[in-house]
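Student: I am sharing start-v4.csv, which consists of CSV, C-alpha atoms:
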```csv
chain,number,residue,atom,x,y,z
I,14,MET,CA,6.9,-10.3,-14.4
I,15,ILE,CA,5.2,-11.7,-11.3
I,16,LEU,CA,1.8,-10.5,-10.3
I,17,LEU,CA,0.6,-11.0,-6.7
I,18,ASN,CA,-2.2,-13.4,-7.4
I,19,ASP,CA,0.1,-15.7,-9.3
I,20,TYR,CA,2.8,-15.4,-6.6
I,21,LEU,CA,0.3,-16.4,-3.9
I,22,LYS,CA,-1.2,-19.3,-5.9
I,23,ASP,CA,2.3,-20.7,-6.5
I,24,LEU,CA,3.1,-20.3,-2.8
I,25,TYR,CA,-0.1,-21.7,-1.3
I,26,GLY,CA,-1.7,-23.7,-4.1
I,27,GLN,CA,-4.8,-21.6,-4.3
I,28,LYS,CA,-6.1,-18.0,-4.4
I,29,VAL,CA,-5.4,-16.0,-1.3
I,30,TYR,CA,-7.4,-13.0,-0.3
I,31,LYS,CA,-6.3,-9.9,1.6
I,32,ILE,CA,-8.7,-8.8,4.3
I,33,SER,CA,-8.2,-5.1,5.2
I,34,LEU,CA,-8.2,-4.3,8.9
I,35,ASN,CA,-8.5,-1.2,10.9
I,36,ALA,CA,-6.8,-1.6,14.3
I,37,GLY,CA,-7.7,2.0,15.4
I,38,PHE,CA,-4.2,3.4,15.1
I,39,THR,CA,-3.3,7.0,14.1
I,40,CYS,CA,-0.2,8.6,12.5
I,41,PRO,CA,2.5,10.9,13.6
I,42,ASN,CA,1.6,13.1,10.7
I,43,ARG,CA,-1.9,13.5,12.2
I,44,ASP,CA,-1.5,13.5,16.0
I,45,GLY,CA,0.8,16.5,16.2
I,46,THR,CA,4.1,14.7,16.4
I,47,LEU,CA,5.1,15.7,12.8
I,48,GLY,CA,1.9,17.4,11.7
I,49,ASN,CA,-1.9,17.4,12.2
I,50,ARG,CA,-3.2,17.4,8.6
I,51,GLY,CA,-1.7,14.2,7.3
I,52,CYS,CA,-0.3,13.8,3.8
I,53,ILE,CA,-2.0,16.1,1.3
I,54,PHE,CA,-3.7,13.2,-0.5
I,55,CYS,CA,-4.7,11.1,2.5
I,56,SER,CA,-8.4,10.8,3.4
I,57,ALA,CA,-10.0,11.0,6.8
I,58,GLY,CA,-9.9,7.2,7.0
I,59,GLY,CA,-6.2,7.0,6.6
I,60,SER,CA,-6.4,5.2,3.3
I,61,GLY,CA,-8.5,2.6,5.0
I,62,GLU,CA,-11.9,3.1,3.4
I,63,PHE,CA,-12.1,-0.5,2.5
I,64,ALA,CA,-10.9,-1.7,5.9
I,65,GLY,CA,-13.0,-3.1,8.7
I,66,ASP,CA,-14.6,-1.3,11.6
I,67,SER,CA,-12.0,-0.3,14.2
I,68,LYS,CA,-14.6,-0.7,17.0
I,69,LYS,CA,-14.7,-4.4,16.3
I,70,SER,CA,-12.0,-7.0,17.2
I,71,ILE,CA,-9.5,-8.1,14.7
I,72,THR,CA,-11.1,-11.6,14.8
I,73,LYS,CA,-14.5,-10.1,14.0
I,74,GLN,CA,-13.1,-8.0,11.2
I,75,LEU,CA,-11.5,-11.1,9.7
I,76,GLU,CA,-14.7,-13.1,9.9
I,77,GLU,CA,-16.6,-10.3,8.2
I,78,GLY,CA,-14.0,-10.0,5.5
I,79,LYS,CA,-14.3,-13.8,4.9
I,80,ALA,CA,-18.0,-13.4,4.6
I,81,ARG,CA,-17.7,-10.8,1.9
I,82,VAL,CA,-15.8,-13.2,-0.4
I,83,ALA,CA,-17.7,-16.4,0.8
I,84,ALA,CA,-19.5,-16.7,-2.6
I,85,LYS,CA,-16.1,-16.9,-4.4
I,86,VAL,CA,-14.2,-19.2,-2.1
I,87,ARG,CA,-14.6,-22.1,0.3
I,88,GLY,CA,-11.8,-23.2,2.6
I,89,GLY,CA,-10.0,-20.0,1.7
I,90,LYS,CA,-6.7,-18.7,2.9
I,91,TYR,CA,-6.2,-15.0,3.8
I,92,ILE,CA,-3.7,-12.4,4.5
I,93,ALA,CA,-4.6,-10.1,7.4
I,94,TYR,CA,-3.8,-6.6,6.1
I,95,PHE,CA,-3.4,-3.9,8.7
I,96,GLN,CA,-4.2,-1.0,6.3
I,97,ALA,CA,-5.7,2.1,7.9
I,98,PHE,CA,-3.2,4.8,9.1
I,99,THR,CA,0.2,3.8,10.5
I,100,ASN,CA,0.2,0.3,11.8
I,101,THR,CA,3.4,0.2,13.8
I,102,TYR,CA,2.7,3.5,15.5
I,103,ALA,CA,1.6,2.3,18.9
I,104,PRO,CA,3.1,0.8,22.1
I,105,VAL,CA,4.6,-2.6,21.4
I,106,ASP,CA,2.2,-4.4,23.8
I,107,ARG,CA,-0.7,-3.1,21.9
I,108,LEU,CA,0.9,-4.1,18.5
I,109,ARG,CA,1.7,-7.6,19.8
I,110,LYS,CA,-2.0,-8.1,20.9
I,111,MET,CA,-3.3,-7.0,17.5
I,112,TYR,CA,-0.8,-9.0,15.4
I,113,MET,CA,-1.1,-12.1,17.5
I,114,GLU,CA,-4.8,-12.1,17.3
I,115,ALA,CA,-4.5,-12.0,13.5
I,116,VAL,CA,-1.8,-14.7,13.1
I,117,GLN,CA,-3.6,-17.1,15.4
I,118,HIS,CA,-6.7,-17.1,13.2
I,119,PRO,CA,-6.6,-20.6,11.5
I,120,ASP,CA,-7.4,-19.3,8.0
I,121,VAL,CA,-4.7,-16.5,8.1
I,122,VAL,CA,-1.5,-17.5,6.3
I,123,GLY,CA,0.3,-14.3,7.1
I,124,ILE,CA,0.0,-10.6,7.9
I,125,SER,CA,0.8,-7.4,6.0
I,126,VAL,CA,1.5,-4.2,7.9
I,127,ALA,CA,1.2,-0.8,6.3
I,128,THR,CA,3.4,1.8,7.9
I,129,ARG,CA,5.9,4.6,7.5
I,130,PRO,CA,9.6,4.1,7.3
I,131,ASP,CA,10.1,6.4,10.3
I,132,CYS,CA,7.8,4.4,12.6
I,133,LEU,CA,10.0,1.3,12.9
I,134,PRO,CA,11.9,1.6,16.2
I,135,GLU,CA,14.1,-1.4,17.3
I,136,GLU,CA,11.4,-2.9,19.6
I,137,VAL,CA,8.9,-2.9,16.8
I,138,LEU,CA,11.4,-4.4,14.3
I,139,GLU,CA,12.0,-7.2,16.9
I,140,LEU,CA,8.3,-7.8,17.3
I,141,LEU,CA,7.8,-8.1,13.6
I,142,SER,CA,10.7,-10.5,13.4
I,143,GLU,CA,9.1,-12.5,16.2
I,144,ILE,CA,5.7,-12.7,14.5
I,145,ASP,CA,7.4,-13.7,11.2
I,146,HIS,CA,8.7,-16.8,12.9
I,147,ILE,CA,5.0,-17.8,13.5
I,148,LYS,CA,3.6,-16.8,10.1
I,149,PRO,CA,5.1,-14.6,7.3
I,150,VAL,CA,5.1,-10.9,7.8
I,151,TRP,CA,5.1,-8.3,5.0
I,152,VAL,CA,5.9,-4.7,5.8
I,153,GLU,CA,4.3,-2.2,3.4
I,154,LEU,CA,6.1,1.2,3.3
I,155,GLY,CA,4.4,4.3,2.0
I,156,LEU,CA,7.2,5.9,0.0
I,157,GLN,CA,5.2,7.4,-2.8
I,158,THR,CA,8.2,9.2,-4.4
I,159,ILE,CA,11.9,9.6,-4.1
I,160,HIS,CA,12.0,13.2,-5.1
I,161,PRO,CA,12.5,15.7,-2.3
I,162,LYS,CA,10.4,18.5,-3.8
I,163,THR,CA,7.4,16.3,-4.3
I,164,ALA,CA,7.8,14.7,-0.8
I,165,GLU,CA,7.7,18.2,0.7
I,166,TYR,CA,4.7,19.1,-1.3
I,167,ILE,CA,2.7,16.1,-0.2
I,168,ARG,CA,3.8,16.6,3.4
I,169,ARG,CA,5.4,13.2,3.8
I,170,GLU,CA,7.5,14.5,6.6
I,171,TYR,CA,10.5,12.1,6.4
I,172,GLN,CA,13.6,12.0,4.2
I,173,LEU,CA,14.6,9.3,1.7
I,174,GLU,CA,17.3,8.2,4.1
I,175,SER,CA,14.6,7.0,6.5
I,176,TYR,CA,13.3,4.7,3.8
I,177,ASP,CA,16.7,3.4,2.9
I,178,ARG,CA,17.4,2.6,6.6
I,179,ALA,CA,14.0,0.9,7.1
I,180,VAL,CA,14.5,-1.3,4.1
I,181,ARG,CA,18.0,-2.4,5.3
I,182,GLU,CA,16.7,-3.1,8.8
I,183,LEU,CA,13.7,-5.1,7.6
I,184,ARG,CA,15.8,-7.1,5.2
I,185,ASP,CA,18.4,-7.8,7.9
I,186,ARG,CA,15.5,-9.5,9.7
I,187,HIS,CA,14.4,-11.4,6.6
I,188,LEU,CA,11.1,-9.5,6.4
I,189,GLN,CA,9.5,-8.9,3.1
I,190,VAL,CA,9.3,-5.2,2.1
I,191,ILE,CA,6.4,-4.0,-0.1
I,192,VAL,CA,6.7,-0.4,-1.3
I,193,HIS,CA,3.8,2.0,-2.3
I,194,VAL,CA,4.4,4.4,-5.1
I,195,ILE,CA,1.9,7.0,-6.3
I,196,LEU,CA,1.8,7.7,-10.0
I,197,GLY,CA,0.6,11.2,-11.1
I,198,LEU,CA,1.8,13.3,-8.2
I,199,PRO,CA,1.7,17.0,-9.2
I,200,GLY,CA,4.9,18.3,-10.8
I,201,GLU,CA,6.4,15.0,-11.6
I,202,THR,CA,7.4,14.0,-15.1
I,203,VAL,CA,7.2,10.5,-16.5
I,204,SER,CA,11.0,10.2,-16.0
I,205,ASP,CA,10.6,11.2,-12.4
I,206,MET,CA,8.0,8.5,-11.8
I,207,VAL,CA,10.0,5.8,-13.6
I,208,GLU,CA,13.1,6.8,-11.6
I,209,THR,CA,11.1,6.2,-8.4
I,210,VAL,CA,10.1,2.8,-9.5
I,211,ARG,CA,13.6,1.9,-10.5
I,212,TYR,CA,15.0,3.1,-7.2
I,213,VAL,CA,12.4,1.0,-5.2
I,214,CYS,CA,13.4,-2.1,-7.2
I,215,ASP,CA,17.1,-1.5,-6.7
I,216,SER,CA,16.6,-0.8,-2.9
I,217,GLY,CA,15.8,-4.4,-2.1
I,218,ALA,CA,12.0,-4.3,-2.1
I,219,ALA,CA,10.4,-7.7,-2.6
I,220,GLY,CA,7.2,-6.1,-4.0
I,221,ILE,CA,5.8,-2.9,-5.3
I,222,LYS,CA,2.4,-1.2,-5.4
I,223,LEU,CA,1.8,1.3,-8.2
I,224,GLN,CA,-1.1,3.5,-7.2
I,225,LEU,CA,-2.9,6.0,-9.4
I,226,LEU,CA,-3.2,9.4,-7.7
I,227,HIS,CA,-6.8,9.9,-6.6
I,228,ILE,CA,-8.4,13.2,-5.6
I,229,LEU,CA,-10.6,12.4,-2.6
I,230,LYS,CA,-13.2,14.5,-0.9
I,231,GLY,CA,-12.0,16.1,2.4
I,232,THR,CA,-8.3,16.2,1.5
I,233,ASP,CA,-6.2,19.2,1.1
I,234,LEU,CA,-5.4,17.9,-2.4
I,235,ALA,CA,-9.1,18.2,-3.3
I,236,GLN,CA,-9.0,21.9,-2.5
I,237,GLU,CA,-6.0,22.4,-4.7
I,238,TYR,CA,-7.8,20.5,-7.5
I,239,ARG,CA,-10.8,22.7,-7.2
I,240,GLU,CA,-8.6,25.7,-7.4
I,241,GLY,CA,-7.1,24.4,-10.7
I,242,LYS,CA,-3.7,23.9,-9.2
I,243,VAL,CA,-3.6,20.1,-9.8
I,244,ARG,CA,-4.2,18.0,-12.8
I,245,VAL,CA,-4.8,14.3,-12.9
I,246,LEU,CA,-3.7,11.7,-15.5
I,247,SER,CA,-6.0,10.8,-18.3
I,248,GLU,CA,-6.7,7.1,-18.8
I,249,ASP,CA,-4.4,6.9,-21.9
I,250,ALA,CA,-1.6,8.7,-20.2
I,251,TYR,CA,-1.8,6.3,-17.2
I,252,ILE,CA,-1.7,3.3,-19.4
I,253,ASP,CA,1.3,4.6,-21.3
I,254,LEU,CA,3.0,5.5,-18.0
I,255,LEU,CA,2.4,2.0,-16.6
I,256,LYS,CA,4.1,0.5,-19.6
I,257,LYS,CA,7.2,2.5,-18.9
I,258,CYS,CA,7.1,1.7,-15.1
I,259,VAL,CA,6.5,-2.0,-15.6
I,260,SER,CA,9.4,-2.2,-18.1
I,261,VAL,CA,11.9,-1.4,-15.3
I,262,ILE,CA,10.6,-3.8,-12.7
I,263,PRO,CA,12.8,-6.9,-12.4
I,264,LYS,CA,11.2,-10.3,-12.6
I,265,GLN,CA,11.9,-11.1,-9.0
I,266,VAL,CA,9.9,-8.1,-7.7
I,267,VAL,CA,6.3,-9.0,-7.2
I,268,ILE,CA,3.8,-6.5,-8.5
I,269,HIS,CA,1.1,-6.1,-5.9
I,270,ARG,CA,-0.9,-3.4,-7.6
I,271,LEU,CA,-1.2,-1.6,-10.9
I,272,THR,CA,-3.8,1.0,-10.3
I,273,GLY,CA,-5.8,1.0,-7.0
I,274,ASP,CA,-9.4,1.9,-6.2
I,275,GLY,CA,-10.7,5.1,-4.8
I,276,ASP,CA,-13.9,4.9,-2.7
I,277,LYS,CA,-16.6,6.0,-5.1
I,278,LYS,CA,-18.3,8.0,-2.4
I,279,LEU,CA,-15.2,10.1,-2.0
I,280,LEU,CA,-13.7,10.1,-5.5
I,281,ILE,CA,-13.5,13.4,-7.2
I,282,ALA,CA,-11.0,12.6,-10.0
I,283,PRO,CA,-10.1,10.9,-12.2
I,284,LEU,CA,-13.6,9.5,-12.6
I,285,TRP,CA,-12.5,7.1,-15.4
I,286,SER,CA,-10.7,5.1,-12.7
I,287,ALA,CA,-14.0,4.1,-11.1
I,288,ASP,CA,-14.7,1.7,-14.0
I,289,LYS,CA,-12.4,-0.9,-12.5
I,290,LYS,CA,-13.3,-3.7,-14.9
I,291,HIS,CA,-12.6,-1.5,-18.0
I,292,VAL,CA,-9.3,-0.2,-16.6
I,293,TRP,CA,-8.1,-3.7,-15.7
I,294,ASN,CA,-9.0,-5.0,-19.1
I,295,ARG,CA,-6.9,-2.3,-20.7
I,296,ILE,CA,-4.0,-3.0,-18.3
I,297,ARG,CA,-4.2,-6.7,-19.1
I,298,THR,CA,-4.3,-6.3,-22.8
I,299,GLU,CA,-2.0,-3.2,-23.3
I,300,VAL,CA,0.4,-3.4,-20.4
I,301,LEU,CA,0.7,-7.0,-19.3
I,302,SER,CA,0.5,-8.6,-22.8
I,303,GLU,CA,3.8,-7.0,-23.7
I,304,LYS,CA,5.7,-8.6,-20.9
```
What does the file become when written as structure tokens?

Tutor:
Amino acid sequence: MILLNDYLKDLYGQKVYKISLNAGFTCPNRDGTLGNRGCIFCSAGGSGEFAGDSKKSITKQLEEGKARVAAKVRGGKYIAYFQAFTNTYAPVDRLRKMYMEAVQHPDVVGISVATRPDCLPEEVLELLSEIDHIKPVWVELGLQTIHPKTAEYIRREYQLESYDRAVRELRDRHLQVIVHVILGLPGETVSDMVETVRYVCDSGAAGIKLQLLHILKGTDLAQEYREGKVRVLSEDAYIDLLKKCVSVIPKQVVIHRLTGDGDKKLLIAPLWSADKKHVWNRIRTEVLSEK
């Protein structure tokens, strides 16, 4: 099993920090192209609550991100993480400007671009490949689940075939693919979730993020939770589920995340997940120690 921190230390000889950026993009699931309410779990910030201020330049956001970890590191290396909303959903000229500003920063060793599989037209794929020849590019795809019924419920608004095609096209250009999976989506069994993890690993992904489902204020999922239609995983159930999911991840697939953080100002449930140190200690001793 390879965890992201270890992978980056081996690659760069030191700890590498991701700095979350907000480039001011939107999403076809919000601007009326596919929908205007977004995915059922997605916050108003487009999952970018910990990202920078979109009103500031990419360079300024990077410098502020560096300042936040300055007490932990000197002479650090960083990955510029385009996190909020859909970060390939814009004209290519605008994307080029944003990406180039990030990769030209002397302390940035690469960029990571969070997006949807259905937002990777040919011209964007070529741009990502071009940038990858300057510094490494990771493309993070929000898959969440392989199961059609769940995908419809969460309003993902693309089919699994779009994901398969995106992975092929990215791999054809030697771009690393990181895939987001949400654990605890309503209606899914343990077997369903393990099946999604296995599918991702078999699809050619270089890395995987396992994200605990959070109920956040302002989302449609929060309303369903208040109405008693949605349940969240207990801490013990999540630890047991992680064990099963990790057991099917091949050694060559880098694990980028094992739980995820919900903004405490927005988090409704599960509240146990807010104790990050405690949760990570359990993961380390009960999940990772068995591998």

Student: Quick one: of I:Glu114, I:Ile159, I:Glu237, I:Leu229, who's nearest to Ser216 of chain I, counting only C-alpha atoms?

Tutor: I:Ile159

Student: Pick the closest to Val116 of chain I from I:Val137, I:Leu24, I:Ala93, I:Val207: which is it, counting all atoms listed in the file?

Tutor: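 Looking at the shortest contact to Val116 of chain I, the residue is I:Ala93.
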
Student: Please write as a PyMOL selection string the list of polymer residues whose atoms come within 12 Å of (-3.1, 19.0, -17.0), counting all atoms listed in the file and keeping to the coordinates of the file.

Tutor: chain I and resi 197-202+238+241-247+250+283

Student: Atom CA of Thr128 of chain I to atom CA of Thr99 of chain I: how many Å, to one decimal?

Tutor: 4.6 Å

Student: Which residues of segment 56-168 of chain I come within 12 Å of segment 179-187 of chain I, and for each one, what is the closest pair of atoms and their distance in Å to one decimal, counting all atoms listed in the file, sorted by chain and residue number, as a Markdown table?

Tutor:
```
| residue | atom | partner | partner_atom | distance |
| --- | --- | --- | --- | --- |
| I:Thr128 | CA | I:Ala179 | CA | 10.7 |
| I:Arg129 | CA | I:Ala179 | CA | 8.9 |
| I:Pro130 | CA | I:Ala179 | CA | 5.4 |
| I:Asp131 | CA | I:Ala179 | CA | 7.5 |
| I:Cys132 | CA | I:Ala179 | CA | 9.0 |
| I:Leu133 | CA | I:Ala179 | CA | 7.1 |
| I:Pro134 | CA | I:Ala179 | CA | 9.4 |
| I:Glu135 | CA | I:Glu182 | CA | 9.0 |
| I:Val137 | CA | I:Leu183 | CA | 10.6 |
| I:Leu138 | CA | I:Leu183 | CA | 7.1 |
| I:Glu139 | CA | I:Arg186 | CA | 8.3 |
| I:Leu140 | CA | I:Arg186 | CA | 10.6 |
| I:Leu141 | CA | I:Arg186 | CA | 8.7 |
| I:Ser142 | CA | I:Arg186 | CA | 6.1 |
| I:Glu143 | CA | I:Arg186 | CA | 9.6 |
| I:Ile144 | CA | I:Arg186 | CA | 11.4 |
| I:Asp145 | CA | I:His187 | CA | 8.7 |
| I:His146 | CA | I:His187 | CA | 10.1 |
| I:Pro149 | CA | I:His187 | CA | 9.9 |
| I:Val150 | CA | I:His187 | CA | 9.4 |
| I:Trp151 | CA | I:Leu183 | CA | 9.5 |
| I:Val152 | CA | I:Leu183 | CA | 8.0 |
| I:Glu153 | CA | I:Val180 | CA | 10.3 |
| I:Leu154 | CA | I:Ala179 | CA | 8.8 |
| I:Gly155 | CA | I:Ala179 | CA | 11.4 |
| I:Leu156 | CA | I:Ala179 | CA | 11.0 |
```

Student: Which value, in Å to one decimal, gives the distance between atom CA of Gly58 of chain I and atom CA of Tyr102 of chain I?

Tutor: 15.6 Å

Student: What does the structure give for the distance between atom CA of Gly78 of chain I and atom CA of Ile147 of chain I, in Å to one decimal?

Tutor: 22.0 Å

Student: Please complete segment 51-62 of chain I with all heavy atoms and give it back as an mmCIF file, in the frame of the given file.

Tutor:
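The new file selection_27.cif reads:
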```cif
data_model
loop_
_atom_site.group_PDB
_atom_site.id
_atom_site.type_symbol
_atom_site.label_atom_id
_atom_site.label_comp_id
_atom_site.auth_asym_id
_atom_site.auth_seq_id
_atom_site.Cartn_x
_atom_site.Cartn_y
_atom_site.Cartn_z
ATOM 1 N N GLY I 51 -1.974 15.414 8.079
ATOM 2 C CA GLY I 51 -1.700 14.200 7.300
ATOM 3 C C GLY I 51 -1.100 14.572 5.936
ATOM 4 O O GLY I 51 -0.883 15.746 5.611
ATOM 5 N N CYS I 52 -0.792 13.562 5.160
ATOM 6 C CA CYS I 52 -0.300 13.800 3.800
ATOM 7 C C CYS I 52 -1.418 14.456 2.980
ATOM 8 O O CYS I 52 -2.607 14.257 3.252
ATOM 9 C CB CYS I 52 0.105 12.468 3.146
ATOM 10 S SG CYS I 52 1.583 11.732 3.891
ATOM 11 N N ILE I 53 -1.038 15.207 1.988
ATOM 12 C CA ILE I 53 -2.000 16.100 1.300
ATOM 13 C C ILE I 53 -3.073 15.256 0.557
ATOM 14 O O ILE I 53 -4.179 15.745 0.344
ATOM 15 C CB ILE I 53 -1.223 16.968 0.280
ATOM 16 C CG1 ILE I 53 -2.104 18.113 -0.189
ATOM 17 C CG2 ILE I 53 -0.659 16.164 -0.892
ATOM 18 C CD1 ILE I 53 -1.346 19.178 -0.963
ATOM 19 N N PHE I 54 -2.782 13.990 0.231
ATOM 20 C CA PHE I 54 -3.700 13.200 -0.500
ATOM 21 C C PHE I 54 -4.516 12.224 0.386
ATOM 22 O O PHE I 54 -5.435 11.549 -0.074
ATOM 23 C CB PHE I 54 -2.969 12.295 -1.541
ATOM 24 C CG PHE I 54 -1.862 11.483 -0.925
ATOM 25 C CD1 PHE I 54 -2.123 10.307 -0.249
ATOM 26 C CD2 PHE I 54 -0.550 11.921 -1.005
ATOM 27 C CE1 PHE I 54 -1.110 9.574 0.341
ATOM 28 C CE2 PHE I 54 0.476 11.206 -0.421
ATOM 29 C CZ PHE I 54 0.197 10.033 0.262
ATOM 30 N N CYS I 55 -4.171 12.151 1.666
ATOM 31 C CA CYS I 55 -4.700 11.100 2.500
ATOM 32 C C CYS I 55 -6.101 11.473 3.051
ATOM 33 O O CYS I 55 -6.325 12.579 3.556
ATOM 34 C CB CYS I 55 -3.754 10.882 3.723
ATOM 35 S SG CYS I 55 -4.130 9.388 4.674
ATOM 36 N N SER I 56 -7.009 10.530 2.964
ATOM 37 C CA SER I 56 -8.400 10.800 3.400
ATOM 38 C C SER I 56 -8.525 10.695 4.895
ATOM 39 O O SER I 56 -7.596 10.314 5.614
ATOM 40 C CB SER I 56 -9.284 9.674 2.760
ATOM 41 O OG SER I 56 -8.963 8.405 3.314
ATOM 42 N N ALA I 57 -9.699 11.052 5.367
ATOM 43 C CA ALA I 57 -10.000 11.000 6.800
ATOM 44 C C ALA I 57 -9.839 9.621 7.377
ATOM 45 O O ALA I 57 -9.584 9.442 8.567
ATOM 46 C CB ALA I 57 -11.348 11.601 7.091
ATOM 47 N N GLY I 58 -10.020 8.630 6.511
ATOM 48 C CA GLY I 58 -9.900 7.200 7.000
ATOM 49 C C GLY I 58 -8.524 6.668 6.913
ATOM 50 O O GLY I 58 -8.335 5.475 7.138
ATOM 51 N N GLY I 59 -7.533 7.510 6.635
ATOM 52 C CA GLY I 59 -6.200 7.000 6.600
ATOM 53 C C GLY I 59 -5.908 5.965 5.581
ATOM 54 O O GLY I 59 -5.185 4.999 5.817
ATOM 55 N N SER I 60 -6.508 6.155 4.393
ATOM 56 C CA SER I 60 -6.400 5.200 3.300
ATOM 57 C C SER I 60 -6.987 3.837 3.628
ATOM 58 O O SER I 60 -6.642 2.827 3.017
ATOM 59 C CB SER I 60 -4.917 5.030 2.861
ATOM 60 O OG SER I 60 -4.396 6.269 2.420
ATOM 61 N N GLY I 61 -7.898 3.835 4.588
ATOM 62 C CA GLY I 61 -8.500 2.600 5.000
ATOM 63 C C GLY I 61 -9.997 2.501 4.760
ATOM 64 O O GLY I 61 -10.736 1.887 5.541
ATOM 65 N N GLU I 62 -10.462 3.136 3.667
ATOM 66 C CA GLU I 62 -11.900 3.100 3.400
ATOM 67 C C GLU I 62 -12.481 1.746 3.202
ATOM 68 O O GLU I 62 -13.667 1.513 3.445
ATOM 69 C CB GLU I 62 -12.209 4.003 2.167
ATOM 70 C CG GLU I 62 -12.260 5.495 2.440
ATOM 71 C CD GLU I 62 -10.895 6.083 2.731
ATOM 72 O OE1 GLU I 62 -9.900 5.618 2.126
ATOM 73 O OE2 GLU I 62 -10.813 6.998 3.573
#
```
